[in-house]
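Novice: File work15.cif below, mmCIF, C-alpha atoms and all ligand atoms:
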data_start
#
loop_
_atom_site.label_atom_id
_atom_site.label_comp_id
_atom_site.auth_asym_id
_atom_site.auth_seq_id
_atom_site.Cartn_x
_atom_site.Cartn_y
_atom_site.Cartn_z
CA MET A 1 -6.88 -6.86 -17.19
CA ASN A 2 -3.21 -7.39 -18.03
CA TYR A 3 -1.65 -6.26 -14.80
CA ARG A 4 0.33 -8.85 -12.82
CA HIS A 5 1.89 -7.66 -9.62
CA ALA A 6 4.46 -10.49 -9.71
CA PHE A 7 6.49 -8.40 -12.21
CA HIS A 8 6.74 -5.55 -9.73
CA ALA A 9 6.68 -7.15 -6.26
CA GLY A 10 9.34 -5.73 -3.98
CA ASN A 11 10.11 -2.74 -6.21
CA PHE A 12 10.65 0.74 -4.76
CA ALA A 13 6.92 1.43 -4.85
CA ASP A 14 6.14 -1.69 -2.81
CA VAL A 15 8.82 -0.79 -0.25
CA PHE A 16 7.33 2.70 0.13
CA LYS A 17 3.75 1.41 0.29
CA HIS A 18 4.41 -1.39 2.73
CA ALA A 19 6.59 0.64 5.09
CA ILE A 20 3.70 3.12 5.37
CA LEU A 21 1.13 0.34 5.66
CA LEU A 22 2.94 -1.12 8.66
CA ALA A 23 3.21 2.33 10.26
CA LEU A 24 -0.55 2.72 9.88
CA LEU A 25 -1.32 -0.69 11.33
CA ASP A 26 1.10 -0.20 14.22
CA ALA A 27 -0.66 3.06 15.06
CA LEU A 28 -4.08 1.40 14.88
CA THR A 29 -3.13 -1.68 16.90
CA ALA A 30 -1.72 0.50 19.68
CA LYS A 31 -5.28 0.53 21.06
CA ASP A 32 -6.77 -2.71 22.40
CA LYS A 33 -10.02 -2.67 20.46
CA PRO A 34 -10.30 -5.03 17.48
CA LEU A 35 -10.00 -3.60 14.00
CA CYS A 36 -10.82 -4.45 10.42
CA TYR A 37 -8.21 -4.25 7.66
CA PHE A 38 -9.86 -3.90 4.25
CA ASP A 39 -7.70 -4.41 1.16
CA THR A 40 -9.63 -3.49 -2.02
CA HIS A 41 -6.89 -4.67 -4.43
CA ALA A 42 -5.17 -7.43 -2.51
CA GLY A 43 -3.12 -9.32 -5.10
CA ARG A 44 -1.96 -12.87 -4.30
CA GLY A 45 -0.49 -12.07 -0.89
CA SER A 46 3.02 -13.41 -1.49
CA TYR A 47 5.44 -13.33 -4.42
CA ARG A 48 8.58 -15.24 -5.41
CA LEU A 49 11.59 -13.08 -6.24
CA ASP A 50 13.21 -15.94 -8.14
CA ASP A 51 10.36 -16.80 -10.53
CA ALA A 52 10.19 -15.91 -14.22
CA GLU A 53 8.15 -12.72 -13.74
CA ALA A 54 10.38 -11.22 -11.05
CA LEU A 55 13.54 -12.22 -12.92
CA LYS A 56 12.24 -10.69 -16.15
CA THR A 57 11.99 -7.15 -14.76
CA GLY A 58 14.42 -7.42 -11.84
CA GLU A 59 12.56 -4.45 -10.34
CA TRP A 60 12.91 -5.76 -6.81
CA ARG A 61 16.68 -5.22 -6.94
CA ALA A 62 16.17 -1.43 -6.89
CA GLY A 63 13.62 -1.90 -4.13
CA ILE A 64 13.87 -4.45 -1.34
CA GLY A 65 17.18 -5.58 -2.90
CA ARG A 66 18.74 -2.28 -1.75
CA LEU A 67 17.56 -2.68 1.85
CA PHE A 68 17.55 -6.37 2.57
CA ASP A 69 21.23 -6.75 3.42
CA ALA A 70 21.79 -3.26 4.79
CA PRO A 71 23.94 -3.84 7.89
CA ASP A 72 22.74 -0.73 9.68
CA PRO A 73 19.37 0.23 8.20
CA PRO A 74 17.79 3.56 9.17
CA LYS A 75 15.82 3.25 12.40
CA SER A 76 12.59 4.36 10.73
CA LEU A 77 12.72 1.40 8.31
CA ARG A 78 13.70 -1.34 10.75
CA ARG A 79 10.14 -2.39 11.54
CA TYR A 80 9.41 -2.87 7.83
CA LEU A 81 12.69 -4.59 7.16
CA ASP A 82 12.23 -6.99 10.06
CA ALA A 83 8.87 -8.03 8.58
CA ILE A 84 10.43 -8.75 5.17
CA ARG A 85 13.42 -10.55 6.68
CA ALA A 86 11.04 -12.72 8.74
CA CYS A 87 9.66 -14.06 5.42
CA ASN A 88 13.21 -15.00 4.37
CA PRO A 89 14.72 -16.63 7.43
CA ASP A 90 17.71 -18.09 5.56
CA GLY A 91 18.95 -14.54 4.85
CA THR A 92 18.43 -14.58 1.07
CA PRO A 93 15.56 -12.55 -0.38
CA ARG A 94 13.42 -15.12 -2.20
CA VAL A 95 9.93 -14.19 -1.08
CA TYR A 96 8.27 -10.80 -0.97
CA PRO A 97 5.07 -10.54 1.05
CA GLY A 98 2.07 -8.64 -0.29
CA SER A 99 -0.07 -6.21 1.64
CA PRO A 100 -2.51 -8.90 2.93
CA TRP A 101 0.33 -10.92 4.38
CA LEU A 102 2.01 -7.95 6.04
CA ALA A 103 -1.33 -6.79 7.42
CA ALA A 104 -2.04 -10.25 8.82
CA GLN A 105 1.35 -10.29 10.53
CA ALA A 106 0.69 -6.86 12.05
CA SER A 107 -2.82 -7.80 13.21
CA ARG A 108 -3.96 -9.47 16.41
CA ALA A 109 -6.05 -12.57 17.08
CA ASN A 110 -9.32 -10.61 17.30
CA ASP A 111 -8.73 -8.41 14.24
CA ARG A 112 -10.30 -9.20 10.87
CA LEU A 113 -9.03 -8.91 7.31
CA VAL A 114 -11.25 -8.41 4.27
CA LEU A 115 -9.26 -9.07 1.09
CA CYS A 116 -10.67 -8.39 -2.39
CA GLU A 117 -9.12 -9.45 -5.67
CA THR A 118 -10.73 -9.82 -9.11
CA GLN A 119 -8.27 -12.09 -10.95
CA ASP A 120 -9.17 -15.76 -10.48
CA ASP A 121 -5.66 -17.12 -10.06
CA GLU A 122 -4.58 -14.30 -7.74
CA ALA A 123 -7.69 -14.73 -5.60
CA ALA A 124 -7.17 -18.52 -5.53
CA ALA A 125 -3.56 -18.08 -4.40
CA LEU A 126 -4.71 -15.65 -1.71
CA ARG A 127 -7.31 -18.13 -0.47
CA THR A 128 -4.69 -20.85 -0.27
CA LEU A 129 -2.32 -18.56 1.61
CA PHE A 130 -4.96 -17.77 4.24
CA ARG A 131 -6.76 -21.12 4.37
CA ASP A 132 -5.74 -21.67 8.02
CA ASP A 133 -6.31 -18.08 9.16
CA PRO A 134 -9.91 -17.59 10.31
CA ARG A 135 -9.34 -13.82 10.56
CA ALA A 136 -8.99 -13.48 6.78
CA HIS A 137 -11.97 -13.29 4.42
CA VAL A 138 -11.05 -13.49 0.75
CA HIS A 139 -13.54 -12.14 -1.79
CA ARG A 140 -13.07 -12.63 -5.51
CA ARG A 141 -14.85 -9.44 -6.42
CA ASP A 142 -14.39 -5.82 -7.36
CA GLY A 143 -12.85 -4.06 -4.40
CA TYR A 144 -14.67 -0.77 -4.97
CA ALA A 145 -18.06 -2.50 -5.05
CA ALA A 146 -17.10 -4.50 -1.97
CA LEU A 147 -16.40 -1.27 -0.07
CA ASN A 148 -19.89 -0.12 -0.80
CA ALA A 149 -21.40 -3.47 0.17
CA LEU A 150 -19.39 -4.29 3.27
CA LEU A 151 -18.73 -0.99 5.03
CA PRO A 152 -18.95 -0.10 7.81
CA PRO A 153 -17.22 -3.08 9.41
CA ALA A 154 -18.70 -4.47 12.60
CA GLU A 155 -15.56 -3.41 14.48
CA ARG A 156 -16.08 0.26 13.50
CA ARG A 157 -12.32 0.70 13.70
CA GLY A 158 -9.62 0.06 11.16
CA MET A 159 -8.36 0.95 7.73
CA VAL A 160 -8.87 0.52 4.02
CA LEU A 161 -5.98 0.16 1.60
CA ILE A 162 -6.80 1.11 -2.01
CA ASP A 163 -3.96 -0.05 -4.24
CA PRO A 164 -5.23 -0.36 -7.83
CA PRO A 165 -3.07 -1.20 -10.85
CA PHE A 166 -3.94 2.16 -12.49
CA GLU A 167 -4.48 0.53 -15.87
CA ALA A 168 -6.86 3.41 -16.60
CA GLN A 169 -4.02 5.82 -15.69
CA GLU A 170 -5.28 9.23 -14.47
CA ALA A 171 -8.91 8.18 -14.96
CA GLU A 172 -8.45 5.89 -11.93
CA PHE A 173 -8.39 8.94 -9.67
CA ALA A 174 -12.04 9.73 -10.40
CA VAL A 175 -12.99 6.14 -9.53
CA ILE A 176 -11.02 6.37 -6.29
CA GLU A 177 -12.56 9.71 -5.34
CA ALA A 178 -16.07 8.36 -5.92
CA ALA A 179 -15.26 5.25 -3.87
CA LEU A 180 -13.83 7.34 -1.04
CA ALA A 181 -16.86 9.61 -0.94
CA GLN A 182 -19.23 6.63 -0.77
CA ALA A 183 -17.07 4.83 1.78
CA ARG A 184 -16.85 7.90 3.99
CA ALA A 185 -20.62 8.26 3.93
CA ARG A 186 -20.89 4.71 5.28
CA TRP A 187 -17.86 4.80 7.59
CA PRO A 188 -16.71 8.35 8.39
CA ASN A 189 -14.07 7.32 10.94
CA GLY A 190 -12.22 4.73 8.88
CA VAL A 191 -8.61 5.38 7.96
CA TYR A 192 -8.25 5.33 4.16
CA ALA A 193 -4.88 4.88 2.46
CA VAL A 194 -4.60 5.27 -1.32
CA TRP A 195 -1.43 4.36 -3.18
CA TYR A 196 -0.85 6.08 -6.54
CA PRO A 197 1.90 6.12 -9.18
CA ILE A 198 3.64 9.35 -10.22
CA LYS A 199 4.94 9.72 -13.72
CA SER A 200 4.50 13.47 -13.61
CA ARG A 201 3.54 15.53 -10.56
CA ARG A 202 1.33 17.68 -12.75
CA ALA A 203 -0.95 14.72 -13.47
CA VAL A 204 -1.47 14.13 -9.75
CA ALA A 205 -2.20 17.77 -8.84
CA PRO A 206 -5.94 17.66 -9.67
CA PHE A 207 -6.38 14.65 -7.34
CA HIS A 208 -4.64 16.54 -4.54
CA ARG A 209 -6.71 19.63 -5.17
CA ARG A 210 -10.00 17.74 -5.06
CA MET A 211 -8.99 15.85 -1.91
CA SER A 212 -7.98 19.14 -0.29
CA GLU A 213 -11.58 20.29 -0.75
CA GLY A 214 -13.20 17.33 1.03
CA PRO A 215 -14.94 15.16 2.01
CA PHE A 216 -12.43 14.25 4.74
CA ASP A 217 -11.41 16.76 7.41
CA ALA A 218 -7.84 15.46 7.63
CA VAL A 219 -5.71 14.30 4.71
CA VAL A 220 -1.97 13.83 4.46
CA VAL A 221 0.12 12.77 1.45
CA ALA A 222 3.55 11.21 1.45
CA GLU A 223 5.44 11.07 -1.84
CA LEU A 224 8.70 9.55 -2.94
CA MET A 225 10.31 10.55 -6.24
CA VAL A 226 13.17 8.20 -7.09
CA GLN A 227 13.95 10.37 -10.08
CA PRO A 228 12.76 13.76 -11.26
CA ASP A 229 9.39 13.77 -12.90
CA ASP A 230 10.80 14.98 -16.19
CA SER A 231 11.93 11.42 -17.02
CA PRO A 232 9.31 10.67 -19.66
CA LEU A 233 6.87 7.76 -19.42
CA ARG A 234 8.52 6.17 -16.40
CA LEU A 235 7.34 5.40 -12.94
CA ASN A 236 9.32 8.25 -11.44
CA GLY A 237 7.77 8.05 -8.02
CA CYS A 238 4.68 7.22 -6.07
CA GLY A 239 2.53 8.53 -3.30
CA MET A 240 0.25 7.47 -0.50
CA LEU A 241 -2.69 9.62 0.46
CA VAL A 242 -4.04 8.96 3.95
CA ALA A 243 -7.46 10.29 4.90
CA ASN A 244 -8.21 10.37 8.64
CA PRO A 245 -4.56 9.68 9.49
CA PRO A 246 -3.91 8.22 12.96
CA TRP A 247 -2.47 10.52 15.58
CA LYS A 248 1.27 11.11 15.20
CA LEU A 249 1.45 9.48 11.75
CA ASP A 250 2.95 12.65 10.26
CA GLY A 251 5.94 12.39 12.58
CA VAL A 252 6.53 8.74 11.70
CA LEU A 253 6.32 9.48 7.97
CA ALA A 254 8.53 12.56 8.28
CA ALA A 255 11.27 10.32 9.67
CA MET A 256 10.70 7.58 7.12
CA LEU A 257 10.67 9.60 3.91
CA PRO A 258 14.30 10.82 3.92
CA ALA A 259 15.40 7.27 4.72
CA LEU A 260 13.35 5.88 1.83
CA ARG A 261 14.76 8.56 -0.48
CA ASP A 262 18.34 7.78 0.53
CA MET A 263 17.91 4.02 0.16
CA LEU A 264 15.84 4.00 -3.04
CA ALA A 265 17.10 6.99 -5.05
CA GLN A 266 17.71 6.38 -8.75
CA SER A 267 18.96 9.94 -9.31
CA ALA A 268 20.69 12.69 -7.36
CA ARG A 269 17.43 14.61 -7.62
CA ALA A 270 15.38 12.01 -5.73
CA GLU A 271 13.16 13.40 -3.01
CA GLY A 272 10.65 12.46 -0.38
CA HIS A 273 8.10 14.84 1.02
CA LEU A 274 5.06 15.05 3.20
CA ARG A 275 2.15 17.43 2.78
CA ARG A 276 -1.02 18.09 4.74
CA LEU A 277 -3.78 18.59 2.19
CA ARG A 278 -6.40 19.19 4.86
CA GLY A 279 -6.59 19.56 8.63
CA GLU A 280 -3.91 20.17 11.23
C1 LIG B 1 -0.99 -3.34 -7.30
S1 LIG B 1 -1.69 -4.93 -7.21
C2 LIG B 1 -2.00 -5.16 -5.49
C3 LIG B 1 -0.83 -5.35 -4.64
C4 LIG B 1 -1.13 -5.56 -3.19
N1 LIG B 1 -2.04 -4.53 -2.68
C5 LIG B 1 0.15 -5.53 -2.39
O1 LIG B 1 0.54 -4.46 -1.90
O2 LIG B 1 0.74 -6.58 -2.23
C6 LIG B 1 -3.32 -4.67 -7.79
C7 LIG B 1 -4.20 -5.91 -7.79
O3 LIG B 1 -5.55 -5.49 -7.96
C8 LIG B 1 -6.22 -6.46 -8.73
N2 LIG B 1 -7.40 -5.76 -9.25
C9 LIG B 1 -7.52 -5.00 -10.37
N3 LIG B 1 -8.73 -4.40 -10.40
C10 LIG B 1 -9.39 -4.80 -9.29
C11 LIG B 1 -10.65 -4.49 -8.73
N4 LIG B 1 -11.51 -3.66 -9.36
N5 LIG B 1 -11.00 -5.04 -7.56
C12 LIG B 1 -10.14 -5.89 -6.91
N6 LIG B 1 -8.93 -6.21 -7.38
C13 LIG B 1 -8.54 -5.66 -8.55
C14 LIG B 1 -5.19 -6.91 -9.73
O4 LIG B 1 -5.51 -8.20 -10.21
C15 LIG B 1 -3.92 -6.90 -8.89
O5 LIG B 1 -3.66 -8.16 -8.33
#
Could you express the structure from this file as structure tokens?

Specialist:
Amino acid sequence: MNYRHAFHAGNFADVFKHAILLALLDALTAKDKPLCYFDTHAGRGSYRLDDAEALKTGEWRAGIGRLFDAPDPPKSLRRYLDAIRACNPDGTPRVYPGSPWLAAQASRANDRLVLCETQDDEAAALRTLFRDDPRAHVHRRDGYAALNALLPPAERRGMVLIDPPFEAQEAEFAVIEAALAQARARWPNGVYAVWYPIKSRRAVAPFHRRMSEGPFDAVVVAELMVQPDDSPLRLNGCGMLVANPPWKLDGVLAAMLPALRDMLAQSARAEGHLRRLRGE
């Protein structure tokens, strides 16, 4: 495992992913009942934007760097931006929160977070970050295996975020599909969000096709292309597939995607789009 998220934290893909994550959690916390947030690939929970890794790639500058100081950010991104600005109260972007941290901020006192991470140092950092938060349960273990072992959650409500590093490239999709099928068998009503990279749209099409055939009755995908997918070997865009999407999520995402495209475009041919793969 060579992947280190610190090189990429706060890049356009993180902005896209985390804006959608907060929309999902806001929809789920609109009801009083407690929920479980399950992060299969949690990372370390918080990243420095001024450390050697972030400085080496500078990726965050074309991501959160574009939004952080925006004087009049699009309404659909304000919730996300407020969460990031809250981590940087002096007004300079130095820290970028990971999905576990954002989820914890969006959760309530009686919600629970299950956070899985395989790398020792990342898991240790995550444990330290949440040492005073009794809602958070950090597991240094394979997130896919943990899904199978720990679902359904006692709360019977909530969501799973699957955000792998895709070191196996397209082969990761088969692993995700198998994990989703097993997870659904154990917890049919959970909301499942899967982030994926897009180098070429053609490579993603088989995943969409298979997910349009089942096992979930309702599946929506949001995608952001920051440049056309004919730019070879680059991360040209990314997507989030949501199975069992909360009510009205499509409307929230439909407002967010043009704003993300406008703020994060790296080409005049950037685009954001939303597609229902299954269900109304
Ligand atoms: C893209 S990063 C996660 C970023 C995080 N979800 C966020 O949004 O802040 C992927 C993480 O998954 C970890 N990882 C890789 N394979 C894993 C597995 N099978 N189970 C759990 N964690 C894994 C990596 O060490 C890495 O920290």

Novice: Which residues are near ligand LIG 1 (chain B) in this structure, taking near to mean any atom at most 8 Å from a ligand atom and counting all atoms listed in the file? Format them as a VMD selection string.

Specialist: chain A and resid 1 3 to 5 9 14 17 to 18 39 to 46 97 to 101 116 to 119 122 140 to 145 161 to 165

Novice: Kindly provide the residues of segment 89-126 of chain A that approach segment 59-71 of chain A to within 10 Å, each paired with its closest atom pair and their distance in Å to one decimal, based on all atoms listed in the file, listed by chain and increasing number, as JSON lines.

Specialist:
{"residue": "A:Gly91", "atom": "CA", "partner": "A:Asp69", "partner_atom": "CA", "distance": 8.2}
{"residue": "A:Thr92", "atom": "CA", "partner": "A:Phe68", "partner_atom": "CA", "distance": 8.4}
{"residue": "A:Pro93", "atom": "CA", "partner": "A:Phe68", "partner_atom": "CA", "distance": 7.1}
{"residue": "A:Tyr96", "atom": "CA", "partner": "A:Ile64", "partner_atom": "CA", "distance": 8.5}

Novice: In Å, rounded to a single decimal, give me how far atom CA of Gly272 of chain A is from atom CA of Asp72 of chain A.

Specialist: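 Calculated distance between atom CA of Asp72 of chain A and atom CA of Gly272 of chain A is 20.5 Å.
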
Novice: By how many Å are atom CA of Ala193 of chain A and atom CA of Leu77 of chain A apart?

Specialist: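 So the answer is 18.9 Å.
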
Novice: For atom CA of Pro152 of chain A and atom CA of Arg186 of chain A, determine how far apart the two atoms are, in Å to one decimal place.

Specialist: 5.8 Å

Novice: Edge lengths and centre in Å to one decimal, as lines of an AutoDock Vina configuration file, is what I'm after for the box along x, y and z that holds all listed atoms of segment 142-160 of chain A once 8 Å is added on each side.

Specialist:
center_x = -14.9
center_y = -2.4
center_z = 3.6
size_x = 29.0
size_y = 22.8
size_z = 37.8

Novice: Just give me the residues with any atom within 9 Å of (-16.2, -4.5, 12.1), file coordinates, counting only C-alpha atoms, written as a ChimeraX atom specification.

Specialist: /A:34-36,111-112,151-158

Novice: Which is closer to Ala222 of chain A than all the others in A:Leu264, A:Ala136, A:Met256, A:Leu102, using all atoms listed in the file?

Specialist: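 Nearest candidate to Ala222 of chain A out of A:Leu264, A:Ala136, A:Met256, A:Leu102: A:Met256.
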
Novice: Skip Thr57 of chain A itself and residues of its chain fewer than 6 positions away, then list as JSON, numbers by chain all residues within 10 Å of it, counting all atoms listed in the file.

Specialist: {"A": [6, 7, 8, 11]}

Novice: Deliver the residues from the most recent selection as a file, using C-alpha atoms, as a CSV table (one decimal), in the frame of the given file.

Specialist:
chain,number,residue,atom,x,y,z
A,6,ALA,CA,4.5,-10.5,-9.7
A,7,PHE,CA,6.5,-8.4,-12.2
A,8,HIS,CA,6.7,-5.6,-9.7
A,11,ASN,CA,10.1,-2.7,-6.2

Novice: Taking all atoms listed in the file into account, which of A:His139, A:Ala178, A:Gln169, A:Ala183 comes nearest Ile198 of chain A?

Specialist: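 Nearest to Ile198 of chain A: A:Gln169.
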
Novice: Find the spatial neighbours of Leu260 of chain A, counting all atoms listed in the file, within a cut-off of 9 Å - ignore same-chain residues fewer than 6 positions away - and output them as an MDAnalysis selection string.

Specialist: chainID A and resid 12 15:16 74 77 224 271:272

Novice: Mind listing whatever residues come within 10 Å of the point (-3.2, -0.2, 9.2)? Use only C-alpha atoms, file coordinates, and give them as an MDAnalysis selection string.

Specialist: chainID A and resid 20:29 35:38 102:103 106:107 158:161 191:193 245:246

Novice: Rank A:Gln182, A:Thr128, A:Gln227, A:Asn244 by their smallest atom-to-atom distance to Asp262 of chain A, using all atoms listed in the file, and report the top residue only.

Specialist: A:Gln227

Novice: Env of Val204 of chain A: 12 Å cut, atoms = all atoms listed in the file, seq-sep filter 5 positions within chain, self excluded. Answer as a list in words.

Specialist: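 Here the answer would be Gln169, Glu170, Ala171, Glu172, Phe173, Ala174, Trp195, Tyr196, Pro197, Ile198, Lys199, Arg209, Arg210, Met211, Val221, Glu223, Asp229, Gly237, Cys238, Gly239, Met240 and Leu241 of chain A.
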